[in-house]
file coords24.txt (compact mmCIF, C-alpha atoms)
# COMPACT_ATOMS: atom_id res chain seq x y z
CA MET A 53 0.00 0.00 0.00
CA ALA A 54 1.37 3.44 -0.89
CA LYS A 55 2.83 5.43 1.96
CA SER A 56 0.28 8.23 1.58
CA GLU A 57 -2.54 5.74 2.13
CA VAL A 58 -1.61 5.55 5.80
CA LYS A 59 -1.07 8.64 7.89
CA VAL A 60 -0.46 9.16 11.58
CA LEU A 61 -1.30 12.57 13.01
CA GLY A 62 0.75 13.16 16.11
CA ALA A 63 3.80 14.62 17.78
CA TRP A 64 7.13 12.98 18.59
CA PRO A 65 7.04 13.49 22.38
CA SER A 66 3.64 11.89 22.93
CA PRO A 67 3.64 8.36 24.37
CA PHE A 68 0.17 7.84 22.90
CA VAL A 69 1.38 8.72 19.41
CA MET A 70 4.23 6.24 19.74
CA ARG A 71 1.78 3.39 20.06
CA PRO A 72 0.33 3.32 16.53
CA ARG A 73 3.80 4.07 15.09
CA ILE A 74 5.29 1.03 16.82
CA ALA A 75 2.32 -1.09 15.72
CA LEU A 76 2.71 -0.01 12.09
CA ASN A 77 6.44 -0.74 12.30
CA ILE A 78 5.74 -4.23 13.61
CA LYS A 79 3.53 -4.82 10.59
CA SER A 80 6.09 -3.22 8.24
CA VAL A 81 3.46 -0.77 7.05
CA GLU A 82 4.82 2.48 5.61
CA TYR A 83 3.08 5.62 6.77
CA GLU A 84 3.32 9.36 6.61
CA PHE A 85 3.91 11.00 10.00
CA LEU A 86 2.20 14.39 10.12
CA GLN A 87 3.30 16.33 13.16
CA GLU A 88 1.15 18.82 14.94
CA THR A 89 2.68 22.02 16.28
CA LEU A 90 2.56 22.58 20.02
CA GLY A 91 -0.18 25.07 20.85
CA SER A 92 -2.25 24.69 17.68
CA LYS A 93 -4.43 22.07 16.05
CA SER A 94 -4.40 21.49 12.30
CA GLU A 95 -7.50 21.48 10.11
CA LEU A 96 -6.89 17.81 9.40
CA LEU A 97 -6.80 16.95 13.11
CA LEU A 98 -10.01 18.87 13.83
CA LYS A 99 -11.70 17.18 10.88
CA SER A 100 -10.45 13.66 11.69
CA ASN A 101 -11.08 13.75 15.44
CA PRO A 102 -13.92 16.22 15.93
CA VAL A 103 -14.99 14.62 19.22
CA HIS A 104 -11.70 14.91 21.14
CA LYS A 105 -9.48 16.99 18.81
CA LYS A 106 -6.54 14.97 20.11
CA ILE A 107 -3.60 13.03 18.75
CA PRO A 108 -2.91 10.33 17.72
CA VAL A 109 -5.21 9.80 14.79
CA LEU A 110 -4.61 7.07 12.23
CA ILE A 111 -5.95 7.86 8.77
CA HIS A 112 -6.22 4.73 6.63
CA GLY A 113 -7.33 5.67 3.13
CA ASP A 114 -9.91 8.24 4.11
CA LYS A 115 -11.00 6.62 7.37
CA PRO A 116 -9.86 8.14 10.67
CA VAL A 117 -9.33 5.94 13.72
CA CYS A 118 -8.90 7.60 17.13
CA GLU A 119 -7.76 6.62 20.65
CA SER A 120 -4.27 5.11 20.77
CA LEU A 121 -5.07 1.59 22.01
CA ILE A 122 -8.12 1.34 19.75
CA ILE A 123 -5.80 2.28 16.87
CA VAL A 124 -3.33 -0.46 17.87
CA GLU A 125 -6.11 -3.08 17.84
CA TYR A 126 -7.31 -1.73 14.50
CA ILE A 127 -3.82 -2.02 13.02
CA ASP A 128 -3.59 -5.63 14.23
CA GLU A 129 -6.93 -6.45 12.61
CA ALA A 130 -6.62 -4.44 9.37
CA TRP A 131 -3.16 -5.86 8.65
CA SER A 132 -3.91 -9.32 9.88
CA SER A 133 -0.82 -11.16 8.65
CA ALA A 134 1.95 -11.98 11.12
CA PRO A 135 3.39 -10.83 13.35
CA SER A 136 0.33 -10.49 15.59
CA ILE A 137 0.17 -7.71 18.12
CA LEU A 138 -2.56 -9.03 20.42
CA PRO A 139 -1.96 -12.53 21.86
CA SER A 140 -4.01 -15.28 20.24
CA HIS A 141 -5.52 -16.91 23.34
CA PRO A 142 -8.59 -15.10 24.76
CA TYR A 143 -7.32 -15.22 28.35
CA ASP A 144 -3.90 -13.81 27.37
CA ARG A 145 -5.67 -11.08 25.41
CA ALA A 146 -7.75 -10.22 28.49
CA ILE A 147 -4.61 -10.02 30.67
CA ALA A 148 -2.90 -7.77 28.12
CA ARG A 149 -5.95 -5.48 27.90
CA PHE A 150 -6.33 -5.43 31.69
CA TRP A 151 -2.77 -4.24 32.27
CA ALA A 152 -2.90 -1.79 29.36
CA ALA A 153 -5.97 -0.20 30.97
CA TYR A 154 -4.08 -0.21 34.31
CA VAL A 155 -1.10 1.73 32.91
CA ASP A 156 -3.41 4.33 31.36
CA GLU A 157 -5.81 4.68 34.28
CA LYS A 158 -3.50 4.23 37.27
CA LEU A 159 0.20 4.27 36.43
CA PHE A 160 0.32 7.29 34.15
CA PRO A 161 -1.84 9.49 36.42
CA SER A 162 0.36 8.56 39.38
CA MET A 163 3.45 9.49 37.32
CA LYS A 164 1.84 12.88 36.67
CA GLU A 165 1.24 13.28 40.40
CA ILE A 166 4.98 13.21 40.98
CA VAL A 167 5.30 16.17 38.64
CA SER A 168 2.43 18.12 40.17
CA ALA A 169 3.32 17.30 43.81
CA ASP A 170 3.54 20.42 45.95
CA GLY A 171 6.15 19.54 48.57
CA GLU A 172 8.50 16.74 49.51
CA GLU A 173 5.98 14.68 51.46
CA THR A 174 3.39 14.66 48.67
CA LYS A 175 6.12 13.82 46.19
CA LYS A 176 7.31 10.89 48.30
CA VAL A 177 3.79 9.48 48.43
CA ALA A 178 3.38 9.90 44.67
CA ILE A 179 6.71 8.19 44.02
CA GLN A 180 5.74 5.27 46.26
CA GLN A 181 2.49 4.89 44.33
CA VAL A 182 4.36 4.61 41.05
CA VAL A 183 6.84 2.14 42.52
CA ASP A 184 3.99 0.01 43.92
CA GLY A 185 2.36 0.01 40.48
CA LEU A 186 5.60 -1.01 38.81
CA VAL A 187 5.98 -3.90 41.27
CA LEU A 188 2.54 -5.12 40.16
CA LEU A 189 3.67 -4.87 36.56
CA GLU A 190 6.86 -6.77 37.40
CA ASP A 191 4.67 -9.61 38.61
CA ALA A 192 2.52 -9.41 35.48
CA TYR A 193 5.66 -9.45 33.34
CA THR A 194 6.93 -12.59 35.06
CA LYS A 195 3.63 -14.31 34.29
CA CYS A 196 3.09 -13.00 30.74
CA ARG A 197 6.53 -13.39 29.22
CA LYS A 198 6.47 -17.21 29.17
CA GLY A 199 10.25 -17.39 28.87
CA GLY A 200 10.49 -14.60 26.31
CA GLN A 201 11.91 -11.08 26.72
CA PHE A 202 8.62 -9.26 26.28
CA PHE A 203 5.13 -9.16 27.78
CA GLY A 204 4.13 -10.62 24.42
CA GLY A 205 6.62 -13.47 24.85
CA GLU A 206 9.26 -13.85 22.15
CA GLN A 207 7.88 -10.86 20.24
CA ILE A 208 6.71 -7.45 21.35
CA GLY A 209 2.96 -7.15 21.63
CA TYR A 210 0.07 -5.05 22.79
CA LEU A 211 1.07 -4.68 26.43
CA ASP A 212 4.71 -4.00 25.58
CA ILE A 213 3.49 -1.16 23.35
CA ALA A 214 0.97 0.18 25.88
CA PHE A 215 3.42 0.23 28.79
CA GLY A 216 6.66 0.73 26.90
CA SER A 217 5.43 3.94 25.29
CA TYR A 218 5.65 5.55 28.76
CA LEU A 219 9.34 4.68 29.25
CA GLY A 220 10.59 7.98 27.83
CA TRP A 221 8.51 10.00 30.30
CA LEU A 222 9.31 7.58 33.11
CA ARG A 223 13.00 8.23 32.56
CA VAL A 224 12.47 12.00 32.42
CA THR A 225 10.60 11.78 35.74
CA GLU A 226 13.49 9.79 37.23
CA LYS A 227 15.97 12.38 35.96
CA PHE A 228 14.08 15.45 37.21
CA ASN A 229 13.35 13.94 40.62
CA GLN A 230 16.65 12.15 41.21
CA VAL A 231 14.85 8.91 41.85
CA LYS A 232 14.92 5.41 40.44
CA LEU A 233 11.42 4.21 39.61
CA LEU A 234 12.46 1.08 37.73
CA ASP A 235 15.27 -0.48 39.74
CA GLU A 236 17.28 -3.68 39.93
CA ALA A 237 16.13 -4.46 43.46
CA LYS A 238 12.36 -4.24 43.07
CA THR A 239 11.76 -4.61 39.34
CA PRO A 240 14.73 -6.51 37.86
CA GLY A 241 12.67 -8.08 35.08
CA LEU A 242 11.27 -4.74 33.95
CA VAL A 243 14.74 -3.16 33.92
CA LYS A 244 15.85 -5.78 31.39
CA TRP A 245 12.55 -5.54 29.53
CA ALA A 246 12.89 -1.76 29.19
CA GLU A 247 16.32 -2.18 27.56
CA ALA A 248 15.03 -4.82 25.18
CA PHE A 249 11.93 -2.80 24.31
CA CYS A 250 13.75 0.46 23.63
CA SER A 251 16.32 -1.20 21.41
CA HIS A 252 13.75 -3.20 19.42
CA PRO A 253 13.80 -2.31 15.70
CA ALA A 254 10.11 -1.32 15.74
CA VAL A 255 10.71 1.02 18.68
CA LYS A 256 14.17 2.54 18.55
CA ASP A 257 13.52 5.21 15.92
CA VAL A 258 10.25 6.19 17.53
CA MET A 259 11.30 6.34 21.21
CA PRO A 260 12.62 9.84 21.96
CA GLU A 261 15.99 10.20 23.68
CA THR A 262 15.58 11.03 27.37
CA ASP A 263 17.59 14.28 27.10
CA LYS A 264 15.56 15.53 24.15
CA LEU A 265 12.34 14.69 25.97
CA ALA A 266 13.62 16.40 29.14
CA GLU A 267 14.27 19.59 27.14
CA PHE A 268 10.79 19.36 25.68
CA ALA A 269 9.33 18.87 29.17
CA LYS A 270 10.89 22.19 30.21
CA VAL A 271 9.46 23.93 27.13
CA LEU A 272 6.04 22.44 27.87
CA ALA A 273 6.17 23.50 31.53
CA LYS A 274 7.04 27.08 30.49
CA ALA A 275 4.26 27.14 27.90
CA ARG A 276 1.74 25.97 30.47
CA ALA A 277 2.91 28.45 33.11
CA ALA A 278 2.80 31.39 30.70
CA PRO A 279 -0.22 33.67 30.99
CA PRO A 280 -2.90 32.98 28.34
CA LYS A 281 -2.69 35.21 25.26
CA MET B 147 -15.23 -30.51 30.13
CA ALA B 148 -18.25 -28.53 31.32
CA GLU B 149 -17.68 -24.80 31.18
CA VAL B 150 -17.85 -23.25 34.61
CA VAL B 151 -18.66 -19.57 34.44
CA LYS B 152 -19.17 -17.40 37.50
CA LEU B 153 -19.96 -13.72 37.65
CA LEU B 154 -19.24 -11.66 40.76
CA LYS B 155 -21.41 -8.55 40.68
CA THR B 156 -23.94 -6.52 42.65
CA TRP B 157 -27.68 -6.23 42.00
CA SER B 158 -27.42 -2.60 40.91
CA SER B 159 -24.01 -1.99 39.35
CA PRO B 160 -24.30 -0.97 35.68
CA PHE B 161 -20.85 -2.49 35.06
CA GLY B 162 -22.02 -5.87 36.31
CA LEU B 163 -25.23 -5.54 34.36
CA ARG B 164 -23.29 -5.17 31.11
CA ILE B 165 -21.77 -8.58 31.70
CA VAL B 166 -25.15 -10.15 32.55
CA TRP B 167 -26.47 -8.82 29.25
CA ALA B 168 -23.45 -10.06 27.26
CA LEU B 169 -23.66 -13.54 28.78
CA LYS B 170 -27.40 -13.77 28.19
CA LEU B 171 -27.08 -12.56 24.59
CA LYS B 172 -24.68 -15.41 23.96
CA GLY B 173 -26.81 -17.89 25.88
CA ILE B 174 -23.95 -18.67 28.28
CA GLN B 175 -24.90 -20.39 31.53
CA TYR B 176 -23.32 -18.84 34.57
CA ASP B 177 -23.53 -18.69 38.36
CA SER B 178 -24.21 -15.30 39.82
CA ILE B 179 -22.51 -14.22 43.03
CA ASP B 180 -23.88 -10.97 44.40
CA GLU B 181 -21.32 -9.15 46.49
CA ASP B 182 -21.86 -6.82 49.42
CA LEU B 183 -19.26 -4.15 48.69
CA SER B 184 -19.26 -2.93 52.29
CA ASN B 185 -18.09 -6.41 53.24
CA LYS B 186 -16.07 -7.79 50.34
CA SER B 187 -15.80 -11.56 50.18
CA PRO B 188 -12.43 -13.34 50.28
CA LEU B 189 -13.36 -14.68 46.85
CA LEU B 190 -13.57 -11.17 45.38
CA VAL B 191 -10.24 -10.19 46.90
CA GLN B 192 -8.69 -13.38 45.57
CA TYR B 193 -10.07 -12.97 42.06
CA ASN B 194 -9.46 -9.22 41.72
CA PRO B 195 -6.51 -8.39 43.96
CA VAL B 196 -5.57 -5.25 42.02
CA TYR B 197 -8.89 -3.39 42.31
CA LYS B 198 -11.07 -5.55 44.56
CA LYS B 199 -14.04 -4.46 42.46
CA ILE B 200 -16.90 -6.07 40.62
CA PRO B 201 -17.65 -7.29 38.03
CA VAL B 202 -15.30 -10.24 37.88
CA LEU B 203 -15.84 -13.10 35.47
CA VAL B 204 -14.41 -16.46 36.45
CA HIS B 205 -14.11 -18.97 33.62
CA ASN B 206 -12.81 -22.44 34.45
CA GLY B 207 -11.04 -21.02 37.47
CA LYS B 208 -9.39 -18.07 35.72
CA SER B 209 -10.56 -14.58 36.66
CA ILE B 210 -10.97 -11.57 34.40
CA SER B 211 -11.68 -8.06 35.73
CA GLU B 212 -12.73 -4.68 34.27
CA SER B 213 -16.09 -4.76 32.52
CA LEU B 214 -14.91 -3.85 29.01
CA VAL B 215 -12.02 -6.33 29.20
CA ILE B 216 -14.55 -8.97 30.30
CA ILE B 217 -16.89 -8.24 27.39
CA GLU B 218 -14.04 -8.49 24.87
CA TYR B 219 -13.05 -11.78 26.53
CA ILE B 220 -16.61 -13.09 26.18
CA GLU B 221 -16.61 -12.04 22.53
CA ASP B 222 -13.24 -13.74 21.93
CA THR B 223 -14.21 -16.95 23.71
CA TRP B 224 -17.78 -17.51 22.49
CA ASN B 225 -17.91 -16.57 18.83
CA HIS B 226 -21.64 -17.04 18.14
CA ASN B 227 -24.03 -14.05 18.30
CA PRO B 228 -21.21 -11.56 17.83
CA LEU B 229 -21.47 -8.32 19.78
CA MET B 230 -19.14 -6.47 17.43
CA PRO B 231 -19.01 -6.01 13.67
CA GLN B 232 -16.41 -8.09 11.79
CA ASP B 233 -15.00 -5.17 9.84
CA PRO B 234 -11.97 -3.68 11.66
CA TYR B 235 -13.04 -0.07 11.00
CA HIS B 236 -16.59 -0.60 12.27
CA LYS B 237 -15.19 -2.47 15.24
CA ALA B 238 -12.86 0.45 16.02
CA THR B 239 -15.83 2.82 15.76
CA ALA B 240 -17.86 0.71 18.20
CA ARG B 241 -14.93 0.67 20.65
CA PHE B 242 -14.52 4.44 20.27
CA TRP B 243 -18.10 5.15 21.34
CA VAL B 244 -17.89 2.66 24.18
CA LYS B 245 -14.82 4.49 25.50
CA PHE B 246 -16.52 7.84 24.98
CA GLY B 247 -19.46 6.59 27.05
CA ASP B 248 -17.27 5.51 29.96
CA ASP B 249 -14.72 8.34 29.83
CA LYS B 250 -17.04 11.28 29.12
CA VAL B 251 -20.77 10.58 29.31
CA LEU B 252 -20.77 8.60 32.54
CA PRO B 253 -18.66 11.00 34.63
CA SER B 254 -20.65 14.02 33.44
CA ILE B 255 -24.00 12.45 34.27
CA TRP B 256 -22.69 11.15 37.58
CA SER B 257 -21.53 14.70 38.42
CA ALA B 258 -24.89 16.11 37.41
CA PHE B 259 -26.50 13.67 39.81
CA LEU B 260 -24.22 14.24 42.80
CA LYS B 261 -23.56 17.95 42.66
CA GLN B 262 -25.57 21.04 43.43
CA GLY B 263 -25.78 24.65 42.38
CA LYS B 264 -23.38 25.94 39.75
CA GLU B 265 -21.29 22.75 39.74
CA GLN B 266 -24.40 20.78 38.88
CA ALA B 267 -25.48 23.23 36.18
CA ASP B 268 -22.03 22.97 34.58
CA ALA B 269 -22.13 19.19 34.79
CA ILE B 270 -25.54 19.12 33.14
CA ASP B 271 -24.27 21.34 30.31
CA GLU B 272 -21.34 19.03 29.77
CA ALA B 273 -23.57 15.95 29.88
CA ILE B 274 -25.86 17.48 27.25
CA GLU B 275 -22.93 18.21 24.93
CA ASN B 276 -21.77 14.61 25.27
CA LEU B 277 -25.25 13.22 24.74
CA LYS B 278 -25.66 15.30 21.57
CA LEU B 279 -22.80 13.33 20.06
CA LEU B 280 -24.56 10.07 20.92
CA GLU B 281 -27.79 11.41 19.46
CA GLU B 282 -25.93 12.08 16.20
CA GLN B 283 -24.55 8.55 16.15
CA LEU B 284 -28.01 7.07 16.52
CA LYS B 285 -29.72 9.06 13.76
CA GLY B 286 -31.80 6.68 11.64
CA LYS B 287 -30.71 3.59 13.57
CA LYS B 288 -32.71 1.45 15.93
CA PHE B 289 -29.66 0.55 18.01
CA PHE B 290 -26.05 1.74 18.03
CA GLY B 291 -25.30 -1.73 16.63
CA GLY B 292 -27.83 -1.30 13.80
CA GLU B 293 -30.79 -3.66 13.67
CA LYS B 294 -29.58 -5.70 16.64
CA ILE B 295 -28.01 -4.65 19.90
CA GLY B 296 -24.23 -4.83 20.07
CA LEU B 297 -21.31 -3.87 22.26
CA THR B 298 -22.04 -0.13 22.14
CA ASP B 299 -25.66 -0.66 23.20
CA LEU B 300 -24.58 -2.87 26.11
CA ALA B 301 -21.94 -0.38 27.20
CA LEU B 302 -24.36 2.57 27.05
CA GLY B 303 -27.35 0.61 28.36
CA TRP B 304 -26.93 2.15 31.81
CA LEU B 305 -28.37 5.35 30.30
CA ALA B 306 -31.73 3.65 29.84
CA ASN B 307 -31.55 2.18 33.28
CA LEU B 308 -30.14 4.90 35.50
CA VAL B 309 -30.76 8.30 33.90
CA PRO B 310 -34.52 8.17 34.60
CA VAL B 311 -33.66 7.26 38.22
CA PHE B 312 -31.25 10.19 38.56
CA GLU B 313 -33.66 12.58 36.87
CA GLU B 314 -36.44 11.56 39.24
CA ILE B 315 -34.33 11.91 42.39
CA VAL B 316 -32.86 15.28 41.48
CA GLY B 317 -35.95 16.65 39.72
CA MET B 318 -34.07 17.43 36.52
CA LYS B 319 -34.57 16.46 32.90
CA ILE B 320 -31.43 15.82 30.90
CA ILE B 321 -32.60 13.46 28.15
CA ASP B 322 -35.58 15.36 26.82
CA GLU B 323 -37.79 14.67 23.79
CA GLU B 324 -36.91 17.90 22.04
CA ARG B 325 -33.13 17.51 22.05
CA PHE B 326 -32.80 13.75 22.14
CA PRO B 327 -35.63 12.04 20.23
CA SER B 328 -33.40 9.25 18.88
CA LEU B 329 -31.77 8.61 22.24
CA LEU B 330 -35.16 8.39 23.96
CA ALA B 331 -36.44 6.03 21.27
CA TRP B 332 -33.31 3.90 21.71
CA MET B 333 -33.74 3.81 25.50
CA HIS B 334 -37.27 2.55 25.01
CA GLU B 335 -36.31 -0.06 22.37
CA PHE B 336 -33.37 -1.25 24.42
CA ALA B 337 -35.47 -1.74 27.54
CA GLN B 338 -37.93 -3.86 25.54
CA VAL B 339 -35.36 -6.39 24.30
CA ALA B 340 -36.29 -9.65 26.06
CA ILE B 341 -32.99 -10.46 27.74
CA ILE B 342 -32.54 -6.84 28.78
CA LYS B 343 -36.05 -6.62 30.17
CA GLU B 344 -35.71 -9.77 32.25
CA SER B 345 -32.54 -8.53 33.96
CA TRP B 346 -33.72 -4.96 34.61
CA PRO B 347 -32.97 -3.93 38.20
CA PRO B 348 -36.20 -2.81 39.94
CA HIS B 349 -36.78 0.93 39.53
CA ASP B 350 -38.06 1.45 43.09
CA LYS B 351 -35.06 -0.27 44.61
CA LEU B 352 -32.74 1.86 42.48
CA ILE B 353 -34.48 5.05 43.61
CA ILE B 354 -33.98 4.11 47.27
CA LYS B 355 -30.36 3.15 46.76
CA PHE B 356 -29.27 6.17 44.76
CA GLN B 357 -31.28 8.60 46.88
CA ALA B 358 -29.38 7.31 49.92
CA LEU B 359 -26.08 7.54 48.03
CA ARG B 360 -26.77 11.16 47.05
CA ASP B 361 -27.83 12.06 50.58
CA ARG B 362 -24.62 10.61 52.02
CA HIS B 363 -22.53 12.43 49.46
CA LEU B 364 -24.19 15.78 50.10
CA ALA B 365 -23.88 15.33 53.87
CA LYS B 366 -20.07 15.28 53.60
call {"tool": "encode", "arguments": {"input": "coords24.txt", "output": "structure tokens"}}
result
Amino acid sequence: MAKSEVKVLGAWPSPFVMRPRIALNIKSVEYEFLQETLGSKSELLLKSNPVHKKIPVLIHGDKPVCESLIIVEYIDEAWSSAPSILPSHPYDRAIARFWAAYVDEKLFPSMKEIVSADGEETKKVAIQQVVDGLVLLEDAYTKCRKGGQFFGGEQIGYLDIAFGSYLGWLRVTEKFNQVKLLDEAKTPGLVKWAEAFCSHPAVKDVMPETDKLAEFAKVLAKARAAPPK
Amino acid sequence: MAEVVKLLKTWSSPFGLRIVWALKLKGIQYDSIDEDLSNKSPLLVQYNPVYKKIPVLVHNGKSISESLVIIEYIEDTWNHNPLMPQDPYHKATARFWVKFGDDKVLPSIWSAFLKQGKEQADAIDEAIENLKLLEEQLKGKKFFGGEKIGLTDLALGWLANLVPVFEEIVGMKIIDEERFPSLLAWMHEFAQVAIIKESWPPHDKLIIKFQALRDRHLAK
């Protein structure tokens, strides 16, 4: 399929945008990456996602698909030849979806709480919450990997993508707060997994470098603190 | 081997009710275990250690939690009477509206129910904006799924069930005939579907329960 038949509307720093890009890479599908500018929304974005006006949006032919994990499932189904992104067994699929929902609904918000914490005590509590969540994920990883390197086993899959897309921001949070969230003592499996995930061919060109992301985080913080025009 | 399916739920939870509907639509036999959430059973804690919440589906000893994850599991495991379209794009669309319902519609209506004064007025405005999008989706269709009920109908079914209860308790009208003719028609059609009708929680009981919940919330 011609490259222009598949477009991803997004921005390089967004973990949510990474997800469809990794999925398309796994399927070896060429796509055009159309980047939005910080602070404004393109006509195409507003037209393709009128409900939320948010990135990522996948445009396949003329059909827009929205919501990052819904897009990943769509990619798996629309390009149904191997490799598969979702596991094949219904129970494994349920486990993958359960933990993907967990990272979005619990882990990521608790990561954001570290950033918005107003004082050392609040920050400590927020950090502990993230660490507790990661310990749960360490346990899930041990059960899901079935001897392989990834949550998906031998190959990266849905949960690797869902969780792994947060690694850039996790590392930025560690850097800014002088704390280790993923560590050898509590989450040894995940430490190895993170290395393997970030260096995977489908991921490495899409995962932003921590320093670049840290710089962007500062720009974003300034933009948000600035008085509205 | 005989399938053993158990569902941990409560009599009133809309999230549990979705699973009841999905199981019944597929004709799956199951044992119901109604939980008292003020006194959670060891079974619930064992089967859902992460959240300790209902619903939980237990299938041949393995537990699955989170209502939408459970419904997808049911769809994956029992292929007859599909709840979702086969086409990937239509499937993605169904999932989109399901997520919209849970992420946007539900919180706004819940806020409208629990709050007072300006906060409530704002919540009602937001709920109406969200519902307008659902109204648009329904135009010309009997159900969100088309001629038959599907995943989106099951996920949004709580609207038919609970909004009239909330409106009655608070003395407000959110889903009115003028703005939402299709949504009202859908609520009526949905409630008439046999398997939905037979599992409908009693209206009077719901009034008592949610009145008490609102009173407790406002007393804080």
call {"tool": "closest_atom_pairs", "arguments": {"input": "coords24.txt", "of": "chain A", "to": "chain B", "cutoff": "6 Å", "atoms": "only C-alpha atoms", "output": "tab-separated table"}}
result
residue	atom	partner	partner_atom	distance
A:Tyr126	CA	B:Pro234	CA	5.8
A:Glu129	CA	B:Pro234	CA	5.8
A:Ala130	CA	B:Pro234	CA	5.9
A:Pro142	CA	B:Asp222	CA	5.6
A:Ala146	CA	B:Val215	CA	5.8
call {"tool": "atom_distance", "arguments": {"input": "coords24.txt", "atom1": "CA of Glu165 in chain A", "atom2": "CA of Ala152 in chain A"}}
result
19.1 Å
call {"tool": "residues_around", "arguments": {"input": "coords24.txt", "residues": "Leu76 in chain A", "least_positions_apart": "5", "cutoff": "12 Å", "atoms": "all atoms listed in the file", "output": "ChimeraX atom specification"}}
result
/A:55,58-60,69-71,81-85,110,112,123-132,135-137,209,213,253-255,258
call {"tool": "residues_around", "arguments": {"input": "coords24.txt", "residues": "range 280-288 of chain B", "least_positions_apart": "5", "cutoff": "12 Å", "atoms": "all atoms listed in the file", "output": "PDB file with C-alpha atoms, keeping the file's coordinate frame"}}
result
ATOM      1  CA  VAL A 103     -14.990  14.620  19.220  1.00  0.00           C
TER       2      VAL A 103
ATOM      3  CA  THR B 239     -15.830   2.820  15.760  1.00  0.00           C
ATOM      4  CA  ALA B 240     -17.860   0.710  18.200  1.00  0.00           C
ATOM      5  CA  PHE B 242     -14.520   4.440  20.270  1.00  0.00           C
ATOM      6  CA  TRP B 243     -18.100   5.150  21.340  1.00  0.00           C
ATOM      7  CA  VAL B 244     -17.890   2.660  24.180  1.00  0.00           C
ATOM      8  CA  PHE B 246     -16.520   7.840  24.980  1.00  0.00           C
ATOM      9  CA  GLY B 247     -19.460   6.590  27.050  1.00  0.00           C
ATOM     10  CA  LYS B 250     -17.040  11.280  29.120  1.00  0.00           C
ATOM     11  CA  VAL B 251     -20.770  10.580  29.310  1.00  0.00           C
ATOM     12  CA  ALA B 273     -23.570  15.950  29.880  1.00  0.00           C
ATOM     13  CA  ILE B 274     -25.860  17.480  27.250  1.00  0.00           C
ATOM     14  CA  GLU B 275     -22.930  18.210  24.930  1.00  0.00           C
ATOM     15  CA  GLU B 293     -30.790  -3.660  13.670  1.00  0.00           C
ATOM     16  CA  LYS B 294     -29.580  -5.700  16.640  1.00  0.00           C
ATOM     17  CA  ILE B 295     -28.010  -4.650  19.900  1.00  0.00           C
ATOM     18  CA  GLY B 296     -24.230  -4.830  20.070  1.00  0.00           C
ATOM     19  CA  THR B 298     -22.040  -0.130  22.140  1.00  0.00           C
ATOM     20  CA  ASP B 299     -25.660  -0.660  23.200  1.00  0.00           C
ATOM     21  CA  LEU B 302     -24.360   2.570  27.050  1.00  0.00           C
ATOM     22  CA  LEU B 305     -28.370   5.350  30.300  1.00  0.00           C
ATOM     23  CA  ILE B 321     -32.600  13.460  28.150  1.00  0.00           C
ATOM     24  CA  ASP B 322     -35.580  15.360  26.820  1.00  0.00           C
ATOM     25  CA  GLU B 323     -37.790  14.670  23.790  1.00  0.00           C
ATOM     26  CA  GLU B 324     -36.910  17.900  22.040  1.00  0.00           C
ATOM     27  CA  ARG B 325     -33.130  17.510  22.050  1.00  0.00           C
ATOM     28  CA  PHE B 326     -32.800  13.750  22.140  1.00  0.00           C
ATOM     29  CA  PRO B 327     -35.630  12.040  20.230  1.00  0.00           C
ATOM     30  CA  SER B 328     -33.400   9.250  18.880  1.00  0.00           C
ATOM     31  CA  LEU B 329     -31.770   8.610  22.240  1.00  0.00           C
ATOM     32  CA  LEU B 330     -35.160   8.390  23.960  1.00  0.00           C
ATOM     33  CA  ALA B 331     -36.440   6.030  21.270  1.00  0.00           C
ATOM     34  CA  TRP B 332     -33.310   3.900  21.710  1.00  0.00           C
ATOM     35  CA  MET B 333     -33.740   3.810  25.500  1.00  0.00           C
ATOM     36  CA  HIS B 334     -37.270   2.550  25.010  1.00  0.00           C
ATOM     37  CA  GLU B 335     -36.310  -0.060  22.370  1.00  0.00           C
ATOM     38  CA  PHE B 336     -33.370  -1.250  24.420  1.00  0.00           C
ATOM     39  CA  VAL B 339     -35.360  -6.390  24.300  1.00  0.00           C
TER      40      VAL B 339
END
call {"tool": "atom_distance", "arguments": {"input": "coords24.txt", "atom1": "CA of Lys238 in chain A", "atom2": "CA of Val182 in chain A"}}
result
12.1 Å
call {"tool": "closest_residue", "arguments": {"input": "coords24.txt", "among": "A:Ala214, A:Leu242, A:Trp151, A:Leu188", "to": "Ala75 in chain A", "atoms": "all atoms listed in the file"}}
result
A:Ala214
call {"tool": "closest_residue", "arguments": {"input": "coords24.txt", "among": "B:Leu229, B:Leu364, B:Ile174, B:Ala340", "to": "Phe259 in chain B", "atoms": "all atoms listed in the file"}}
result
B:Leu364
